[in-house]
Number of protein chains: 2
Amino acid sequence: MIFGSALFLPFLWSQYGVILMAELTLEDIAKQVGVSRSTVSRVVNGSPNVSDDVRNRVLSAIQETGFHPNAAARSLASQRTRMIGLVIPGSVKTFFTDPFFPQLIQGIACGCNNNDLSLSFFLVGNKDDEKKILPRIAKSGMLDGVLIQSGLPGDPLVEQLIASRIPSVMLGRPEGLNEISFVDVDNIEAAAKATQHLIGLGYERIGTITGKKGNVVTHDRLEGYRKAFANNGRTVEKVLIAGGDFSEIGGYDAMKALLPSKPDAVFAASDLMAAGAVRAVLETGLRVPEDIAFVGFDDIPLESMMKIPLTTIRQPIKKLGIKAVEVLIDLIENGKSPARQFVLETELVVRESCGAKIKRFE
Amino acid sequence: MIFGSALFLPFLWSQYGVILMAELTLEDIAKQVGVSRSTVSRVVNGSPNVSDDVRNRVLSAIQETGFHPNAAARSLASQRTRMIGLVIPGSVKTFFTDPFFPQLIQGIACGCNNNDLSLSFFLVGNKDDEKKILPRIAKSGMLDGVLIQSGLPGDPLVEQLIASRIPSVMLGRPEGLNEISFVDVDNIEAAAKATQHLIGLGYERIGTITGKKGNVVTHDRLEGYRKAFANNGRTVEKVLIAGGDFSEIGGYDAMKALLPSKPDAVFAASDLMAAGAVRAVLETGLRVPEDIAFVGFDDIPLESMMKIPLTTIRQPIKKLGIKAVEVLIDLIENGKSPARQFVLETELVVRESCGAKIKRFE
DNA sequence: GTGAAAGCGCTAACAG
DNA sequence: CTGTTAGCGCTTTCAC
């Protein structure tokens with residue numbers, strides 16, 4: 001074995017670095033106030049079993065000195081870290097392109113701040129990362145719980161995380177919705193709502209551009225499209241369904257494939273794809289929404305990029321993050337079982353691309 | 001004081017939650033192999049002072065049992081956490097819209113994975129968050145160091161962080177480049193390169209759309225624009241400089257303001273603004289690049305949204321994140337001073353919008 | 001209401 | 001090369 005190589009990432013920071021002026025400890029405050037360490041600990045932790053007089057004296061000593069308890073020591077003694085993790089598996093390919101994620105992160109960060117939690121972030125790049133990260137998450141005791149972004153079903157990292165005993169909640173409904181807690185939006189209902197809107201507007205040949213194959217989200221949104229058809233006694237035509245991949249280019253290509261089937265409206269399973277599809281339509285000289293109407297999904301700020309404001313389904317992304325944190329806290333405090341499963345509502349935002357506003361004045 | 005309220009976020013997780021089956025400890029492994037705890041610790045940390053025989057026996061015991069050292073205990077004993085923080089101050093408003101951030105985060109996460117560090121994420125929402133987060137970062141000993149995204153100069157959170165003794169490196173050159181470590185791209189040089197490209201192509205009335213006022217980045221990119229003019233013995237016309245805010249709409253509005261001054265080319269300080277500006281130009285019936293040429297800045301994937309591929313400056317965003325982590329490690333290991341300051345190179349990516357390809361065939 | 005005392009699981013001298 | 005011995009700074013019974 002090579003010299004210095006270590007099993008668990010040794011603490012190699014050199015000895016002669018920064019001189020650490022020792023931080024204050026509970027003991028210091030105790031001494032200063034003339035009470036025991038336990039008492040200071042009690043006021044720090046808000047225990048009611050402290051006399052008002054003593055509490056006030058301790059409090060002002062803390063205030064004066066700027067004392068702050070040491071996290072590692074607290075964790076070691078209490079077996080809790082007040083830190084949760086956010087895991088983005090390698091199978092989630094859209095992290096760098098989908099504006100969904102920054103908003104989600106904002107929601108999660110907000111939930112953490114609200115609950116005085118810290119957030120640790122695990123972006124898995126490759127198998128190698130995975131091997132190193134998994135035990136750190138599951139066995140080092142560093143985290144009280146984890147939020148897991150659901151990617152492809154059957155992701156090994158996710159499965160191992162779920163199998164470990166660390167409390168975890170998934171963002172997005174996982175494939176087998178067994179005994180695992182998750183927070184998601186109702187993709188089926190939302191897609192049905194979008195499609196119904198198009199049906200209600202009187203379109204006859206409503207197509208759809210789906211997301212990336214294999215994703216649960218893709219499946220659910222297509223399911224919603226089908227559901228709306230069924231609700232109206234219509235039958236779905238296969239030629240009106242084109243496979244995309246959630247990207248702008250994917251939407252563009254899918255639309256090109258759809259064009260020969262002469263759709264008069266399209267429900268795209270993401271705004272990005274809708275943008276690409278609109279681009280494809282305009283390129284052929286057709287008009288939006290006059291010739292082909294569109295409804296997207298997400299309501300990302302990006303619609304300002306298009307000439308035609310996009311009618312779309314708004315997801316409560318930030319709320320999703322906040323809720324996920326709350327659910328995770330519940331799991332941590334009250335046990336993992338039974339699984340907590342929440343589905344948040346979406347909202348149809350009507351703009352120009354669906355033609356509703358034009359039709360109103362016809 | 002209200003019952004139960006606590007000064008430092010008490011560990012209120014209820015007692016009766018999940019039953020924690022005790023994780024293995026060094027002691028367990030030691031007993032199993034028949035050596036002392038120290039020896040196990042040595043092999044775990046890669047110390048060379050262990051006989052091959054003992055090491056192998058310990059190693060296989062670890063392998064068998066799946067032992068993983070407890071993070072809190074290690075941190076408490078070693079005074080190191082192997083965790084760094086990423087702080088996004090509240091003054092950074094573009095976090096949710098700018099595709100720059102996911103890529104930056106990827107780079108940082110990659111740097112962390114490479115160096116077996118964990119990443120903790122602090123997104124500051126409001127003043128309240130700030131007050132709670134600051135001591136956690138600076139005084140709880142939870143972090144070995146922090147990466148700070150530079151926002152507006154004079155951000156109080158940033159200043160307090162810098163003033164604290166926790167090693168920190170800024171992402172983006174801060175206002176007063178005193179004794180603080182940072183990693184940045186050379187915005188001045190890059191903007192000059194972009195402008196020079198337009199000058200070289202023979203444009204006569206080259207305008208610019210700047211970023212949000214007050215930002216260092218904005219200042220630097222405008223500086224670069226000026227520098228290119230100076231290098232060519234040209235004088236800058238004030239009417240050819242329009243103020244944007246890094247957003248698509250901002251670019252659109254700025255372009256509208258620029259139009260009366262009849263520019264024949266524009267350097268936009270961000271791709272998003274370039275997209276908006278192009279939209280404004282096309283709306284008036286003018287052509288890009290025939291009537292007005294464009295160069296953007298960032299090289300975000302978004303250029304696929306525009307009909308005309310955007311000539312732009314590519315920033316090595318991921319590399320920036322990786323480098324920042326490396327610099328922070330250096331600081332942690334070898335002391336904060338002197339400050340380490342790195343400026344990464346950018347690259348001009350020539351596409352259609354600048355007109356170079358058209359001109360080639362004229 | 002308060003203090004004493006026993007760890008939490010690990011690292012790091014210090015002997016040998 | 002290996003074991004012994006102190007802690008790291010805090011929480012948490014258990015007495016009083």
# chains A, B, ... in the order shown; residues from 1 in each chain; ligands from 1
call {"tool": "residues_around", "arguments": {"residues": "C:DA6", "least_positions_apart": "4", "cutoff": "12 Å", "atoms": "only C-alpha atoms (C1' of nucleotides)", "output": "PDB file with C-alpha atoms (C1' of nucleotides), in the first residue's frame"}}
result
ATOM      1  CA  ALA A  77     -23.060  13.593  22.651  1.00  0.00           C
TER       2      ALA A  77
ATOM      3  C1'  DT D  11     -25.515  15.987  26.645  1.00  0.00           C
ATOM      4  C1'  DT D  12     -27.652  13.431  30.001  1.00  0.00           C
ATOM      5  C1'  DT D  13     -28.750  10.590  33.798  1.00  0.00           C
ATOM      6  C1'  DC D  14     -28.668  10.630  38.639  1.00  0.00           C
TER       7       DC D  14
END
call {"tool": "residues_around", "arguments": {"residues": "A:Phe267", "least_positions_apart": "2", "cutoff": "9 Å", "atoms": "only C-alpha atoms (C1' of nucleotides)", "output": "VMD selection string"}}
result
chain A and resid 191 194 to 195 198 206 to 210 225 265 269 to 270 274 293 to 297 312
call {"tool": "residues_around", "arguments": {"residues": "B:Lys323", "least_positions_apart": "6", "cutoff": "10 Å", "atoms": "only C-alpha atoms (C1' of nucleotides)", "output": "list of chain:residue names"}}
result
B:Gly107, B:Ile108, B:Gly111, B:Leu171, B:Phe182, B:Val183, B:Asp184, B:Ile317, B:Ile329, B:Phe342, B:Leu344
call {"tool": "atom_distance", "arguments": {"atom1": "atom CA of B:Phe121", "atom2": "atom CA of B:Gln149"}}
result
11.5 Å
call {"tool": "interface_residues", "arguments": {"of": "chain C", "to": "chain B", "cutoff": "12 Å", "atoms": "only C-alpha atoms (C1' of nucleotides)", "output": "list in words"}}
result
DC8, DG9, DC10, DT11, DA12 and DA13 of chain C
call {"tool": "closest_residue", "arguments": {"among": "A:Thr97, A:Ser168, A:Thr65, A:Thr39", "to": "chain D", "atoms": "only C-alpha atoms (C1' of nucleotides)"}}
result
A:Thr39
call {"tool": "closest_residue", "arguments": {"among": "B:Ile188, B:Leu320, B:Leu123, B:Ile84", "to": "chain A", "atoms": "only C-alpha atoms"}}
result
B:Leu123
call {"tool": "closest_atom_pairs", "arguments": {"of": "chain D", "to": "chain B", "cutoff": "12 Å", "atoms": "only C-alpha atoms (C1' of nucleotides)", "output": "tab-separated table"}}
result
residue	atom	partner	partner_atom	distance
D:DC1	C1'	B:Val50	CA	5.9
D:DT2	C1'	B:Thr39	CA	7.0
D:DG3	C1'	B:Ser36	CA	6.2
D:DT4	C1'	B:Ser36	CA	9.3
D:DT5	C1'	B:Ser38	CA	11.1
D:DA6	C1'	B:Ala77	CA	11.3
D:DG7	C1'	B:Ala77	CA	8.2
D:DC8	C1'	B:Ala77	CA	4.5
D:DG9	C1'	B:Leu76	CA	7.6
D:DC10	C1'	B:Leu76	CA	10.0
D:DT11	C1'	B:Phe11	CA	9.9
call {"tool": "residues_around", "arguments": {"residues": "stretch 125-142 of chain B", "least_positions_apart": "3", "cutoff": "9 Å", "atoms": "only C-alpha atoms (C1' of nucleotides)", "output": "MDAnalysis selection string"}}
result
(chainID A and resid 23 66:72 106 109:110 113:114 116 118) or (chainID B and resid 75 79:81 83:85 89:90 122 145:146 157 160:161 164:166)
call {"tool": "write_last_selection", "arguments": {"atoms": "C-alpha atoms", "output": "mmCIF file, in the first residue's frame"}}
result
data_model
loop_
_atom_site.group_PDB
_atom_site.id
_atom_site.type_symbol
_atom_site.label_atom_id
_atom_site.label_comp_id
_atom_site.auth_asym_id
_atom_site.auth_seq_id
_atom_site.Cartn_x
_atom_site.Cartn_y
_atom_site.Cartn_z
ATOM 1 C CA GLU A 23 -13.161 28.935 20.799
ATOM 2 C CA GLY A 66 -20.330 35.542 21.577
ATOM 3 C CA PHE A 67 -20.175 31.938 22.629
ATOM 4 C CA HIS A 68 -21.488 29.364 20.189
ATOM 5 C CA PRO A 69 -21.616 25.648 20.961
ATOM 6 C CA ASN A 70 -19.364 23.289 19.066
ATOM 7 C CA ALA A 71 -21.263 21.279 16.500
ATOM 8 C CA ALA A 72 -19.131 18.153 16.596
ATOM 9 C CA GLN A 106 -34.213 27.433 -2.854
ATOM 10 C CA ALA A 109 -32.742 25.851 1.732
ATOM 11 C CA CYS A 110 -35.704 27.845 2.923
ATOM 12 C CA ASN A 113 -33.379 27.839 7.444
ATOM 13 C CA ASN A 114 -36.873 27.804 8.888
ATOM 14 C CA ASP A 116 -32.448 25.654 11.879
ATOM 15 C CA SER A 118 -27.954 22.775 7.769
ATOM 16 C CA SER B 75 -14.191 16.086 14.069
ATOM 17 C CA GLN B 79 -10.645 19.646 15.087
ATOM 18 C CA ARG B 80 -11.290 19.138 11.424
ATOM 19 C CA THR B 81 -14.552 18.281 9.730
ATOM 20 C CA MET B 83 -16.614 19.705 5.217
ATOM 21 C CA ILE B 84 -16.596 23.017 3.445
ATOM 22 C CA GLY B 85 -19.439 25.452 2.954
ATOM 23 C CA PRO B 89 -25.402 35.713 0.054
ATOM 24 C CA GLY B 90 -28.838 37.262 -0.185
ATOM 25 C CA PHE B 122 -25.998 28.042 2.653
ATOM 26 C CA GLY B 145 -13.589 26.604 5.250
ATOM 27 C CA VAL B 146 -16.060 28.404 3.024
ATOM 28 C CA LEU B 157 -22.555 38.764 5.541
ATOM 29 C CA GLN B 160 -18.272 39.345 8.521
ATOM 30 C CA LEU B 161 -17.307 36.021 7.044
ATOM 31 C CA SER B 164 -13.932 35.806 10.906
ATOM 32 C CA ARG B 165 -11.024 33.487 11.098
ATOM 33 C CA ILE B 166 -12.517 30.734 8.989
#
call {"tool": "residues_around", "arguments": {"residues": "A:Val216", "least_positions_apart": "5", "cutoff": "10 Å", "atoms": "only C-alpha atoms (C1' of nucleotides)", "output": "ChimeraX atom specification"}}
result
/A:150-153,172-176,187,211,221-222
call {"tool": "closest_residue", "arguments": {"among": "A:Pro102, A:Gly34, A:Gly233, A:Pro338", "to": "chain B", "atoms": "only C-alpha atoms"}}
result
A:Pro102
call {"tool": "closest_residue", "arguments": {"among": "B:Glu345, B:Glu290, B:Glu179, B:Asp271", "to": "chain A", "atoms": "only C-alpha atoms"}}
result
B:Asp271
call {"tool": "atom_distance", "arguments": {"atom1": "atom CA of B:Ala61", "atom2": "atom CA of B:Ser47"}}
result
17.3 Å
call {"tool": "select_by_dssp", "arguments": {"residues": "stretch 92-300 of chain A", "states": "strand (DSSP E)", "output": "compact mmCIF listing (two decimals) with C-alpha atoms, in the first residue's frame"}}
result
# COMPACT_ATOMS: atom_id res chain seq x y z
CA SER A 118 -27.95 22.77 7.77
CA LEU A 119 -28.01 21.41 4.27
CA SER A 120 -25.36 19.17 2.85
CA PHE A 121 -25.21 18.69 -0.85
CA PHE A 122 -24.24 15.50 -2.67
CA LEU A 123 -24.01 15.69 -6.42
CA GLY A 145 -31.74 12.38 7.17
CA VAL A 146 -31.63 12.77 3.40
CA LEU A 147 -33.70 14.21 0.61
CA ILE A 148 -33.26 12.24 -2.59
CA GLN A 149 -34.06 13.58 -6.03
CA SER A 168 -35.09 9.64 3.69
CA VAL A 169 -37.73 11.29 1.58
CA MET A 170 -37.78 11.36 -2.15
CA LEU A 171 -38.46 14.38 -4.28
CA SER A 181 -41.87 8.60 1.78
CA PHE A 182 -42.04 11.19 -0.97
CA VAL A 183 -43.27 14.61 -1.92
CA ASP A 184 -44.36 15.18 -5.49
CA VAL A 185 -46.70 17.18 -7.65
CA ILE A 206 -54.21 17.34 -29.90
CA GLY A 207 -50.75 15.83 -29.82
CA THR A 208 -48.25 15.49 -27.02
CA ILE A 209 -44.51 15.56 -26.67
CA THR A 210 -43.40 13.33 -23.86
CA ILE A 241 -47.56 11.14 -29.46
CA ALA A 242 -43.89 12.02 -29.96
CA GLY A 243 -41.05 11.15 -27.63
CA ALA A 265 -52.58 21.66 -30.62
CA VAL A 266 -49.78 20.13 -28.59
CA PHE A 267 -49.26 19.47 -24.92
CA ALA A 268 -45.52 19.41 -24.24
CA ALA A 293 -51.63 25.82 -30.09
CA PHE A 294 -49.36 24.89 -27.21
CA VAL A 295 -49.48 24.15 -23.51
call {"tool": "atom_distance", "arguments": {"atom1": "atom CA of B:Leu104", "atom2": "atom CA of A:Leu328"}}
result
27.2 Å
call {"tool": "decode", "arguments": {"residues": "stretch 176-210 of chain A", "atoms": "C-alpha atoms", "output": "CSV table (one decimal), in the first residue's frame"}}
result
chain,number,residue,atom,x,y,z
A,176,GLY,CA,-42.5,1.3,-6.9
A,177,LEU,CA,-44.4,3.5,-4.4
A,178,ASN,CA,-44.1,1.0,-1.6
A,179,GLU,CA,-43.0,2.0,1.8
A,180,ILE,CA,-41.0,5.0,0.8
A,181,SER,CA,-41.9,8.6,1.8
A,182,PHE,CA,-42.0,11.2,-1.0
A,183,VAL,CA,-43.3,14.6,-1.9
A,184,ASP,CA,-44.4,15.2,-5.5
A,185,VAL,CA,-46.7,17.2,-7.6
A,186,ASP,CA,-49.7,15.5,-9.2
A,187,ASN,CA,-48.3,15.0,-12.7
A,188,ILE,CA,-51.2,12.9,-13.9
A,189,GLU,CA,-53.8,15.4,-12.8
A,190,ALA,CA,-51.8,18.3,-14.1
A,191,ALA,CA,-51.3,16.8,-17.5
A,192,ALA,CA,-54.9,16.0,-17.7
A,193,LYS,CA,-55.7,19.5,-16.8
A,194,ALA,CA,-53.5,20.9,-19.5
A,195,THR,CA,-54.9,18.5,-22.1
A,196,GLN,CA,-58.5,19.2,-21.0
A,197,HIS,CA,-57.8,22.9,-21.4
A,198,LEU,CA,-56.9,22.2,-25.1
A,199,ILE,CA,-59.9,20.0,-25.5
A,200,GLY,CA,-62.2,22.6,-24.0
A,201,LEU,CA,-60.9,25.1,-26.5
A,202,GLY,CA,-62.2,22.9,-29.3
A,203,TYR,CA,-59.0,21.5,-30.7
A,204,GLU,CA,-59.5,18.3,-32.7
A,205,ARG,CA,-56.1,16.9,-33.2
A,206,ILE,CA,-54.2,17.3,-29.9
A,207,GLY,CA,-50.8,15.8,-29.8
A,208,THR,CA,-48.3,15.5,-27.0
A,209,ILE,CA,-44.5,15.6,-26.7
A,210,THR,CA,-43.4,13.3,-23.9
